$ cat my_file-v5.txt   # compact mmCIF, N, CA and C atoms
# COMPACT_ATOMS: atom_id res chain seq x y z
N MET A 1 25.43 -4.79 -2.49
CA MET A 1 24.97 -4.63 -3.85
C MET A 1 25.74 -3.48 -4.50
N ASP A 2 26.20 -3.70 -5.70
CA ASP A 2 26.93 -2.67 -6.45
C ASP A 2 25.92 -1.83 -7.23
N LEU A 3 25.65 -0.61 -6.74
CA LEU A 3 24.66 0.25 -7.37
C LEU A 3 25.02 0.64 -8.79
N SER A 4 26.28 0.61 -9.13
CA SER A 4 26.69 1.00 -10.48
C SER A 4 26.15 0.04 -11.55
N GLU A 5 25.68 -1.12 -11.13
CA GLU A 5 25.15 -2.10 -12.07
C GLU A 5 23.63 -2.03 -12.23
N VAL A 6 22.98 -1.16 -11.47
CA VAL A 6 21.52 -1.06 -11.53
C VAL A 6 21.13 0.03 -12.53
N GLN A 7 20.51 -0.38 -13.62
CA GLN A 7 20.11 0.58 -14.65
C GLN A 7 18.96 1.45 -14.16
N GLY A 8 18.96 2.72 -14.60
CA GLY A 8 17.83 3.61 -14.36
C GLY A 8 17.82 4.30 -13.01
N ILE A 9 18.94 4.30 -12.28
CA ILE A 9 18.95 4.99 -10.99
C ILE A 9 20.08 6.02 -10.95
N SER A 10 19.93 6.96 -10.03
CA SER A 10 20.99 7.91 -9.70
C SER A 10 21.24 7.77 -8.20
N TYR A 11 22.48 7.99 -7.78
CA TYR A 11 22.81 7.78 -6.37
C TYR A 11 24.06 8.57 -6.01
N TRP A 12 24.26 8.78 -4.70
CA TRP A 12 25.47 9.43 -4.19
C TRP A 12 26.56 8.40 -4.05
N ASP A 13 27.76 8.75 -4.49
CA ASP A 13 28.92 7.88 -4.36
C ASP A 13 30.11 8.74 -3.94
N ASN A 14 30.46 8.67 -2.66
CA ASN A 14 31.57 9.46 -2.11
C ASN A 14 31.46 10.94 -2.44
N GLY A 15 30.26 11.49 -2.21
CA GLY A 15 30.04 12.92 -2.41
C GLY A 15 29.74 13.33 -3.84
N ARG A 16 29.67 12.40 -4.76
CA ARG A 16 29.37 12.71 -6.16
C ARG A 16 28.09 12.00 -6.57
N VAL A 17 27.31 12.67 -7.42
CA VAL A 17 26.09 12.06 -7.94
C VAL A 17 26.45 11.22 -9.16
N ARG A 18 26.04 9.97 -9.14
CA ARG A 18 26.26 9.07 -10.27
C ARG A 18 24.92 8.80 -10.95
N HIS A 19 24.91 8.82 -12.26
CA HIS A 19 23.71 8.51 -13.04
C HIS A 19 24.00 7.29 -13.91
N ASN A 20 23.27 6.23 -13.68
CA ASN A 20 23.45 5.02 -14.48
C ASN A 20 22.66 5.12 -15.78
N PRO A 21 23.00 4.31 -16.77
CA PRO A 21 22.23 4.31 -18.02
C PRO A 21 20.76 4.00 -17.75
N ASP A 22 19.89 4.57 -18.61
CA ASP A 22 18.46 4.32 -18.47
C ASP A 22 18.15 2.84 -18.66
N ARG A 23 17.09 2.44 -18.00
CA ARG A 23 16.58 1.09 -18.14
C ARG A 23 15.73 1.03 -19.41
N HIS A 24 15.66 -0.11 -20.07
CA HIS A 24 14.80 -0.25 -21.24
C HIS A 24 13.34 -0.25 -20.77
N TYR A 25 12.47 0.35 -21.57
CA TYR A 25 11.05 0.37 -21.24
C TYR A 25 10.45 -1.01 -21.50
N THR A 26 9.62 -1.44 -20.58
CA THR A 26 9.01 -2.76 -20.70
C THR A 26 7.87 -2.74 -21.71
N HIS A 27 7.71 -3.82 -22.40
CA HIS A 27 6.57 -3.97 -23.31
C HIS A 27 5.50 -4.85 -22.67
N GLU A 28 5.81 -5.45 -21.53
CA GLU A 28 4.87 -6.30 -20.80
C GLU A 28 4.19 -5.44 -19.74
N ILE A 29 3.02 -4.91 -20.08
CA ILE A 29 2.34 -4.02 -19.11
C ILE A 29 1.03 -4.60 -18.62
N ASP A 30 0.74 -5.87 -18.95
CA ASP A 30 -0.50 -6.49 -18.50
C ASP A 30 -0.43 -7.02 -17.07
N THR A 31 0.75 -7.06 -16.47
CA THR A 31 0.90 -7.56 -15.11
C THR A 31 0.31 -6.57 -14.12
N ILE A 32 -0.57 -7.06 -13.26
CA ILE A 32 -1.21 -6.21 -12.26
C ILE A 32 -0.27 -6.07 -11.06
N THR A 33 -0.03 -4.85 -10.63
CA THR A 33 0.83 -4.60 -9.49
C THR A 33 0.17 -5.13 -8.22
N ASP A 34 0.88 -5.93 -7.47
CA ASP A 34 0.36 -6.50 -6.23
C ASP A 34 0.82 -5.63 -5.07
N LEU A 35 -0.03 -4.67 -4.69
CA LEU A 35 0.34 -3.73 -3.63
C LEU A 35 0.37 -4.39 -2.25
N GLU A 36 -0.17 -5.58 -2.14
CA GLU A 36 -0.11 -6.29 -0.87
C GLU A 36 1.31 -6.71 -0.53
N LEU A 37 2.22 -6.64 -1.50
CA LEU A 37 3.62 -6.96 -1.23
C LEU A 37 4.30 -5.86 -0.42
N ILE A 38 3.71 -4.68 -0.37
CA ILE A 38 4.25 -3.57 0.42
C ILE A 38 3.87 -3.81 1.88
N ASP A 39 4.86 -3.92 2.72
CA ASP A 39 4.65 -4.24 4.13
C ASP A 39 3.66 -3.27 4.77
N GLY A 40 2.55 -3.78 5.28
CA GLY A 40 1.58 -2.98 6.01
C GLY A 40 0.54 -2.29 5.15
N TYR A 41 0.61 -2.41 3.82
CA TYR A 41 -0.30 -1.67 2.94
C TYR A 41 -1.76 -2.04 3.19
N MET A 42 -2.04 -3.30 3.41
CA MET A 42 -3.43 -3.74 3.57
C MET A 42 -3.83 -3.92 5.03
N ASP A 43 -3.00 -3.50 5.98
CA ASP A 43 -3.27 -3.75 7.40
C ASP A 43 -4.43 -2.94 7.96
N TRP A 44 -4.65 -1.74 7.47
CA TRP A 44 -5.69 -0.90 8.04
C TRP A 44 -7.02 -1.13 7.34
N SER A 45 -8.08 -1.27 8.14
CA SER A 45 -9.42 -1.43 7.59
C SER A 45 -9.93 -0.08 7.10
N LYS A 46 -11.00 -0.09 6.31
CA LYS A 46 -11.57 1.17 5.82
C LYS A 46 -11.99 2.10 6.95
N PRO A 47 -12.68 1.60 8.01
CA PRO A 47 -13.02 2.51 9.12
C PRO A 47 -11.80 3.13 9.78
N LYS A 48 -10.74 2.34 9.97
CA LYS A 48 -9.53 2.88 10.59
C LYS A 48 -8.89 3.93 9.67
N LEU A 49 -8.88 3.67 8.37
CA LEU A 49 -8.34 4.64 7.42
C LEU A 49 -9.13 5.95 7.50
N LEU A 50 -10.46 5.86 7.59
CA LEU A 50 -11.30 7.06 7.68
C LEU A 50 -11.04 7.83 8.97
N MET A 51 -10.90 7.10 10.08
CA MET A 51 -10.65 7.76 11.37
C MET A 51 -9.31 8.49 11.36
N LYS A 52 -8.32 7.93 10.69
CA LYS A 52 -6.99 8.54 10.62
C LYS A 52 -6.89 9.54 9.46
N GLN A 53 -8.00 9.74 8.76
CA GLN A 53 -8.06 10.61 7.58
C GLN A 53 -7.00 10.22 6.56
N ARG A 54 -6.95 8.93 6.28
CA ARG A 54 -6.03 8.37 5.30
C ARG A 54 -6.84 7.60 4.27
N MET A 55 -6.23 7.29 3.18
CA MET A 55 -6.89 6.44 2.20
C MET A 55 -5.88 5.55 1.49
N ARG A 56 -6.37 4.45 1.02
CA ARG A 56 -5.59 3.55 0.20
C ARG A 56 -5.78 4.00 -1.24
N PHE A 57 -4.71 4.20 -1.96
CA PHE A 57 -4.79 4.78 -3.30
C PHE A 57 -4.14 3.83 -4.30
N GLN A 58 -4.82 3.58 -5.40
CA GLN A 58 -4.27 2.70 -6.42
C GLN A 58 -4.42 3.35 -7.79
N LEU A 59 -3.48 3.06 -8.67
CA LEU A 59 -3.44 3.63 -10.01
C LEU A 59 -3.86 2.57 -11.02
N LEU A 60 -4.76 2.95 -11.92
CA LEU A 60 -5.15 2.08 -13.02
C LEU A 60 -4.58 2.71 -14.29
N GLN A 61 -3.52 2.13 -14.80
CA GLN A 61 -2.87 2.66 -15.99
C GLN A 61 -3.19 1.72 -17.16
N THR A 62 -3.88 2.26 -18.16
CA THR A 62 -4.35 1.43 -19.27
C THR A 62 -3.40 1.41 -20.46
N SER A 63 -2.44 2.32 -20.48
CA SER A 63 -1.47 2.36 -21.57
C SER A 63 -0.20 3.07 -21.10
N ARG A 64 0.85 2.94 -21.90
CA ARG A 64 2.10 3.64 -21.61
C ARG A 64 2.72 4.11 -22.91
N GLY A 65 3.47 5.20 -22.79
CA GLY A 65 4.21 5.70 -23.93
C GLY A 65 3.41 6.61 -24.83
N CYS A 66 4.05 7.05 -25.90
CA CYS A 66 3.44 7.96 -26.85
C CYS A 66 4.16 7.81 -28.19
N PRO A 67 3.42 7.80 -29.29
CA PRO A 67 4.07 7.65 -30.59
C PRO A 67 4.71 8.94 -31.10
N PHE A 68 4.48 10.04 -30.43
CA PHE A 68 4.98 11.33 -30.88
C PHE A 68 6.19 11.76 -30.05
N ALA A 69 6.86 12.81 -30.46
CA ALA A 69 8.03 13.31 -29.74
C ALA A 69 7.91 14.82 -29.55
N CYS A 70 6.83 15.27 -28.94
CA CYS A 70 6.60 16.69 -28.72
C CYS A 70 7.67 17.24 -27.76
N THR A 71 8.23 18.38 -28.07
CA THR A 71 9.30 18.95 -27.26
C THR A 71 8.80 19.46 -25.91
N PHE A 72 7.50 19.75 -25.79
CA PHE A 72 6.95 20.31 -24.56
C PHE A 72 6.42 19.25 -23.60
N CYS A 73 6.44 17.99 -24.00
CA CYS A 73 5.78 16.94 -23.23
C CYS A 73 6.79 15.98 -22.61
N ILE A 74 6.47 15.51 -21.41
CA ILE A 74 7.36 14.59 -20.69
C ILE A 74 7.03 13.12 -20.95
N ALA A 75 5.92 12.86 -21.65
CA ALA A 75 5.45 11.47 -21.81
C ALA A 75 6.50 10.54 -22.38
N THR A 76 7.20 10.96 -23.45
CA THR A 76 8.18 10.05 -24.03
C THR A 76 9.38 9.84 -23.10
N ARG A 77 9.74 10.86 -22.35
CA ARG A 77 10.86 10.72 -21.39
C ARG A 77 10.45 9.82 -20.23
N GLU A 78 9.22 9.96 -19.79
CA GLU A 78 8.75 9.21 -18.64
C GLU A 78 8.42 7.75 -18.99
N LEU A 79 7.78 7.54 -20.13
CA LEU A 79 7.26 6.20 -20.44
C LEU A 79 7.71 5.64 -21.78
N GLY A 80 8.58 6.35 -22.48
CA GLY A 80 9.13 5.85 -23.73
C GLY A 80 8.31 6.20 -24.95
N GLN A 81 8.98 6.24 -26.09
CA GLN A 81 8.28 6.50 -27.33
C GLN A 81 7.75 5.18 -27.87
N GLY A 82 6.59 5.22 -28.41
CA GLY A 82 5.89 4.01 -28.83
C GLY A 82 4.73 3.80 -27.88
N TYR A 83 3.57 3.52 -28.40
CA TYR A 83 2.36 3.40 -27.60
C TYR A 83 2.09 1.94 -27.30
N ARG A 84 1.98 1.59 -26.02
CA ARG A 84 1.73 0.22 -25.59
C ARG A 84 0.44 0.19 -24.77
N MET A 85 -0.51 -0.62 -25.20
CA MET A 85 -1.81 -0.70 -24.52
C MET A 85 -1.93 -2.02 -23.77
N ARG A 86 -2.62 -1.96 -22.64
CA ARG A 86 -2.93 -3.18 -21.92
C ARG A 86 -4.11 -3.86 -22.59
N SER A 87 -4.21 -5.16 -22.40
CA SER A 87 -5.35 -5.90 -22.95
C SER A 87 -6.60 -5.57 -22.14
N VAL A 88 -7.74 -5.70 -22.78
CA VAL A 88 -9.03 -5.43 -22.11
C VAL A 88 -9.19 -6.34 -20.90
N ASP A 89 -8.85 -7.62 -21.04
CA ASP A 89 -8.98 -8.57 -19.92
C ASP A 89 -8.12 -8.15 -18.73
N SER A 90 -6.92 -7.64 -19.01
CA SER A 90 -6.03 -7.20 -17.94
C SER A 90 -6.60 -5.98 -17.21
N VAL A 91 -7.16 -5.04 -17.96
CA VAL A 91 -7.75 -3.84 -17.35
C VAL A 91 -8.95 -4.22 -16.49
N ILE A 92 -9.80 -5.12 -16.98
CA ILE A 92 -10.96 -5.56 -16.20
C ILE A 92 -10.52 -6.26 -14.92
N ALA A 93 -9.50 -7.13 -15.02
CA ALA A 93 -8.99 -7.81 -13.82
C ALA A 93 -8.43 -6.81 -12.82
N ASP A 94 -7.77 -5.76 -13.32
CA ASP A 94 -7.22 -4.73 -12.44
C ASP A 94 -8.34 -3.96 -11.74
N ILE A 95 -9.40 -3.63 -12.45
CA ILE A 95 -10.54 -2.93 -11.86
C ILE A 95 -11.14 -3.78 -10.74
N LYS A 96 -11.30 -5.07 -10.98
CA LYS A 96 -11.84 -5.97 -9.95
C LYS A 96 -10.90 -6.04 -8.74
N TYR A 97 -9.59 -6.09 -9.00
CA TYR A 97 -8.62 -6.14 -7.92
C TYR A 97 -8.68 -4.87 -7.07
N GLN A 98 -8.89 -3.73 -7.72
CA GLN A 98 -8.91 -2.46 -7.02
C GLN A 98 -10.25 -2.14 -6.35
N ALA A 99 -11.24 -2.99 -6.54
CA ALA A 99 -12.57 -2.71 -6.00
C ALA A 99 -12.57 -2.48 -4.50
N GLY A 100 -11.61 -3.02 -3.77
CA GLY A 100 -11.54 -2.87 -2.32
C GLY A 100 -10.83 -1.61 -1.86
N SER A 101 -10.28 -0.84 -2.79
CA SER A 101 -9.53 0.35 -2.37
C SER A 101 -10.47 1.52 -2.12
N ASN A 102 -10.00 2.50 -1.36
CA ASN A 102 -10.79 3.69 -1.09
C ASN A 102 -10.85 4.61 -2.30
N SER A 103 -9.79 4.63 -3.06
CA SER A 103 -9.70 5.56 -4.16
C SER A 103 -8.90 4.95 -5.29
N SER A 104 -9.34 5.22 -6.50
CA SER A 104 -8.64 4.72 -7.67
C SER A 104 -8.47 5.86 -8.65
N PHE A 105 -7.37 5.86 -9.34
CA PHE A 105 -7.05 6.91 -10.29
C PHE A 105 -6.72 6.26 -11.62
N SER A 106 -7.41 6.65 -12.68
CA SER A 106 -7.16 6.09 -13.99
C SER A 106 -6.28 7.02 -14.79
N ARG A 107 -5.31 6.44 -15.50
CA ARG A 107 -4.38 7.25 -16.26
C ARG A 107 -4.13 6.62 -17.62
N ARG A 108 -4.19 7.46 -18.63
CA ARG A 108 -3.78 7.08 -19.98
C ARG A 108 -2.62 7.97 -20.34
N SER A 109 -1.57 7.40 -20.88
CA SER A 109 -0.40 8.18 -21.24
C SER A 109 -0.67 9.11 -22.39
N ASN A 110 -1.55 8.71 -23.29
CA ASN A 110 -1.77 9.48 -24.50
C ASN A 110 -3.26 9.59 -24.75
N SER A 111 -3.78 10.77 -24.75
CA SER A 111 -5.21 10.95 -24.96
C SER A 111 -5.51 11.75 -26.20
N THR A 112 -4.55 11.82 -27.13
CA THR A 112 -4.81 12.55 -28.37
C THR A 112 -5.23 11.63 -29.47
$ encode --input "my_file-v5.txt" --output "structure tokens"
Amino acid sequence: MDLSEVQGISYWDNGRVRHNPDRHYTHEIDTITDLELIDGYMDWSKPKLLMKQRMRFQLLQTSRGCPFACTFCIATRELGQGYRMRSVDSVIADIKYQAGSNSSFSRRSNST
């Protein structure tokens, strides 16, 4: 694979750091991340996770971006300028999907 063609990454190339152009921010944020695609993520039961003092952690992100361009804030750099919200149905489906996890973290990009 030619890494120079992958937008949004930085990598070492013969001792030099290469930075590719940024990737465009997606406007499709209603898709629920399927963490079961990560090899081994769902293999441990809750009792085994507790015995190993581990937990399964999932993020519930209800929006991305910010309509403002504050110089002190990373939100526009991290998630793009412009506020994009998930649909209510998508958020509810995500909450139901995450019901089996040990811990869930809710995040809104913009709370002003």
$ atom_distance --input "my_file-v5.txt" --atom1 "atom N of His19 (chain A)" --atom2 "atom C of Met1 (chain A)"
14.6 Å
$ atom_distance --input "my_file-v5.txt" --atom1 "CA of His24 (chain A)" --atom2 "CA of Tyr83 (chain A)"
14.4 Å
$ atom_distance --input "my_file-v5.txt" --atom1 "atom C of Cys70 (chain A)" --atom2 "atom N of Pro21 (chain A)"
22.9 Å
$ residues_near_point --input "my_file-v5.txt" --point "(15.5, 4.0, -16.9)" --cutoff "7 Å" --atoms "only N, CA and C atoms" --output "list of chain:residue names"
A:Gln7, A:Gly8, A:Ile9, A:Pro21, A:Asp22, A:Arg23, A:His24, A:Tyr25
$ closest_residue --input "my_file-v5.txt" --among "A:Trp12, A:Leu60, A:Glu36, A:Thr26" --to "Gly80 (chain A)" --atoms "all atoms listed in the file"
A:Thr26
$ residues_near_point --input "my_file-v5.txt" --point "(3.6, -2.5, -26.8)" --cutoff "12 Å" --atoms "only C-alpha atoms" --output "PyMOL selection string"
chain A and resi 25-30+62-67+79-87
$ write_last_selection --input "my_file-v5.txt" --atoms "N, CA and C atoms" --output "PDB file, keeping the file's coordinate frame"
ATOM      1  N   TYR A  25      12.470   0.350 -21.570  1.00  0.00           N
ATOM      2  CA  TYR A  25      11.050   0.370 -21.240  1.00  0.00           C
ATOM      3  C   TYR A  25      10.450  -1.010 -21.500  1.00  0.00           C
ATOM      4  N   THR A  26       9.620  -1.440 -20.580  1.00  0.00           N
ATOM      5  CA  THR A  26       9.010  -2.760 -20.700  1.00  0.00           C
ATOM      6  C   THR A  26       7.870  -2.740 -21.710  1.00  0.00           C
ATOM      7  N   HIS A  27       7.710  -3.820 -22.400  1.00  0.00           N
ATOM      8  CA  HIS A  27       6.570  -3.970 -23.310  1.00  0.00           C
ATOM      9  C   HIS A  27       5.500  -4.850 -22.670  1.00  0.00           C
ATOM     10  N   GLU A  28       5.810  -5.450 -21.530  1.00  0.00           N
ATOM     11  CA  GLU A  28       4.870  -6.300 -20.800  1.00  0.00           C
ATOM     12  C   GLU A  28       4.190  -5.440 -19.740  1.00  0.00           C
ATOM     13  N   ILE A  29       3.020  -4.910 -20.080  1.00  0.00           N
ATOM     14  CA  ILE A  29       2.340  -4.020 -19.110  1.00  0.00           C
ATOM     15  C   ILE A  29       1.030  -4.600 -18.620  1.00  0.00           C
ATOM     16  N   ASP A  30       0.740  -5.870 -18.950  1.00  0.00           N
ATOM     17  CA  ASP A  30      -0.500  -6.490 -18.500  1.00  0.00           C
ATOM     18  C   ASP A  30      -0.430  -7.020 -17.070  1.00  0.00           C
ATOM     19  N   THR A  62      -3.880   2.260 -18.160  1.00  0.00           N
ATOM     20  CA  THR A  62      -4.350   1.430 -19.270  1.00  0.00           C
ATOM     21  C   THR A  62      -3.400   1.410 -20.460  1.00  0.00           C
ATOM     22  N   SER A  63      -2.440   2.320 -20.480  1.00  0.00           N
ATOM     23  CA  SER A  63      -1.470   2.360 -21.570  1.00  0.00           C
ATOM     24  C   SER A  63      -0.200   3.070 -21.100  1.00  0.00           C
ATOM     25  N   ARG A  64       0.850   2.940 -21.900  1.00  0.00           N
ATOM     26  CA  ARG A  64       2.100   3.640 -21.610  1.00  0.00           C
ATOM     27  C   ARG A  64       2.720   4.110 -22.910  1.00  0.00           C
ATOM     28  N   GLY A  65       3.470   5.200 -22.790  1.00  0.00           N
ATOM     29  CA  GLY A  65       4.210   5.700 -23.930  1.00  0.00           C
ATOM     30  C   GLY A  65       3.410   6.610 -24.830  1.00  0.00           C
ATOM     31  N   CYS A  66       4.050   7.050 -25.900  1.00  0.00           N
ATOM     32  CA  CYS A  66       3.440   7.960 -26.850  1.00  0.00           C
ATOM     33  C   CYS A  66       4.160   7.810 -28.190  1.00  0.00           C
ATOM     34  N   PRO A  67       3.420   7.800 -29.290  1.00  0.00           N
ATOM     35  CA  PRO A  67       4.070   7.650 -30.590  1.00  0.00           C
ATOM     36  C   PRO A  67       4.710   8.940 -31.100  1.00  0.00           C
ATOM     37  N   LEU A  79       7.780   7.540 -20.130  1.00  0.00           N
ATOM     38  CA  LEU A  79       7.260   6.200 -20.440  1.00  0.00           C
ATOM     39  C   LEU A  79       7.710   5.640 -21.780  1.00  0.00           C
ATOM     40  N   GLY A  80       8.580   6.350 -22.480  1.00  0.00           N
ATOM     41  CA  GLY A  80       9.130   5.850 -23.730  1.00  0.00           C
ATOM     42  C   GLY A  80       8.310   6.200 -24.950  1.00  0.00           C
ATOM     43  N   GLN A  81       8.980   6.240 -26.090  1.00  0.00           N
ATOM     44  CA  GLN A  81       8.280   6.500 -27.330  1.00  0.00           C
ATOM     45  C   GLN A  81       7.750   5.180 -27.870  1.00  0.00           C
ATOM     46  N   GLY A  82       6.590   5.220 -28.410  1.00  0.00           N
ATOM     47  CA  GLY A  82       5.890   4.010 -28.830  1.00  0.00           C
ATOM     48  C   GLY A  82       4.730   3.800 -27.880  1.00  0.00           C
ATOM     49  N   TYR A  83       3.570   3.520 -28.400  1.00  0.00           N
ATOM     50  CA  TYR A  83       2.360   3.400 -27.600  1.00  0.00           C
ATOM     51  C   TYR A  83       2.090   1.940 -27.300  1.00  0.00           C
ATOM     52  N   ARG A  84       1.980   1.590 -26.020  1.00  0.00           N
ATOM     53  CA  ARG A  84       1.730   0.220 -25.590  1.00  0.00           C
ATOM     54  C   ARG A  84       0.440   0.190 -24.770  1.00  0.00           C
ATOM     55  N   MET A  85      -0.510  -0.620 -25.200  1.00  0.00           N
ATOM     56  CA  MET A  85      -1.810  -0.700 -24.520  1.00  0.00           C
ATOM     57  C   MET A  85      -1.930  -2.020 -23.770  1.00  0.00           C
ATOM     58  N   ARG A  86      -2.620  -1.960 -22.640  1.00  0.00           N
ATOM     59  CA  ARG A  86      -2.930  -3.180 -21.920  1.00  0.00           C
ATOM     60  C   ARG A  86      -4.110  -3.860 -22.590  1.00  0.00           C
ATOM     61  N   SER A  87      -4.210  -5.160 -22.400  1.00  0.00           N
ATOM     62  CA  SER A  87      -5.350  -5.900 -22.950  1.00  0.00           C
ATOM     63  C   SER A  87      -6.600  -5.570 -22.140  1.00  0.00           C
TER      64      SER A  87
END
$ closest_atom_pairs --input "my_file-v5.txt" --of "region 13-88 of chain A" --to "region 96-99 of chain A" --cutoff "9 Å" --atoms "only C-alpha atoms" --output "Markdown table"
| residue | atom | partner | partner_atom | distance |
| --- | --- | --- | --- | --- |
| A:Ile32 | CA | A:Tyr97 | CA | 8.6 |
| A:Gln58 | CA | A:Gln98 | CA | 7.0 |
| A:Leu59 | CA | A:Gln98 | CA | 8.7 |
| A:Leu60 | CA | A:Gln98 | CA | 8.4 |
$ select_by_dssp --input "my_file-v5.txt" --residues "region 61-105 of chain A" --states "strand (DSSP E)" --output "NGL selection string"
:A and (61 or 63-64 or 84-85 or 103-105)
$ select_by_dssp --input "my_file-v5.txt" --residues "region 2-86 of chain A" --states "alpha helix (DSSP H)" --output "PyMOL selection string"
chain A and resi 46-51+75-79
$ closest_residue --input "my_file-v5.txt" --among "A:Ala69, A:Gly15, A:Asn20, A:Leu37" --to "Leu3 (chain A)" --atoms "all atoms listed in the file"
A:Asn20
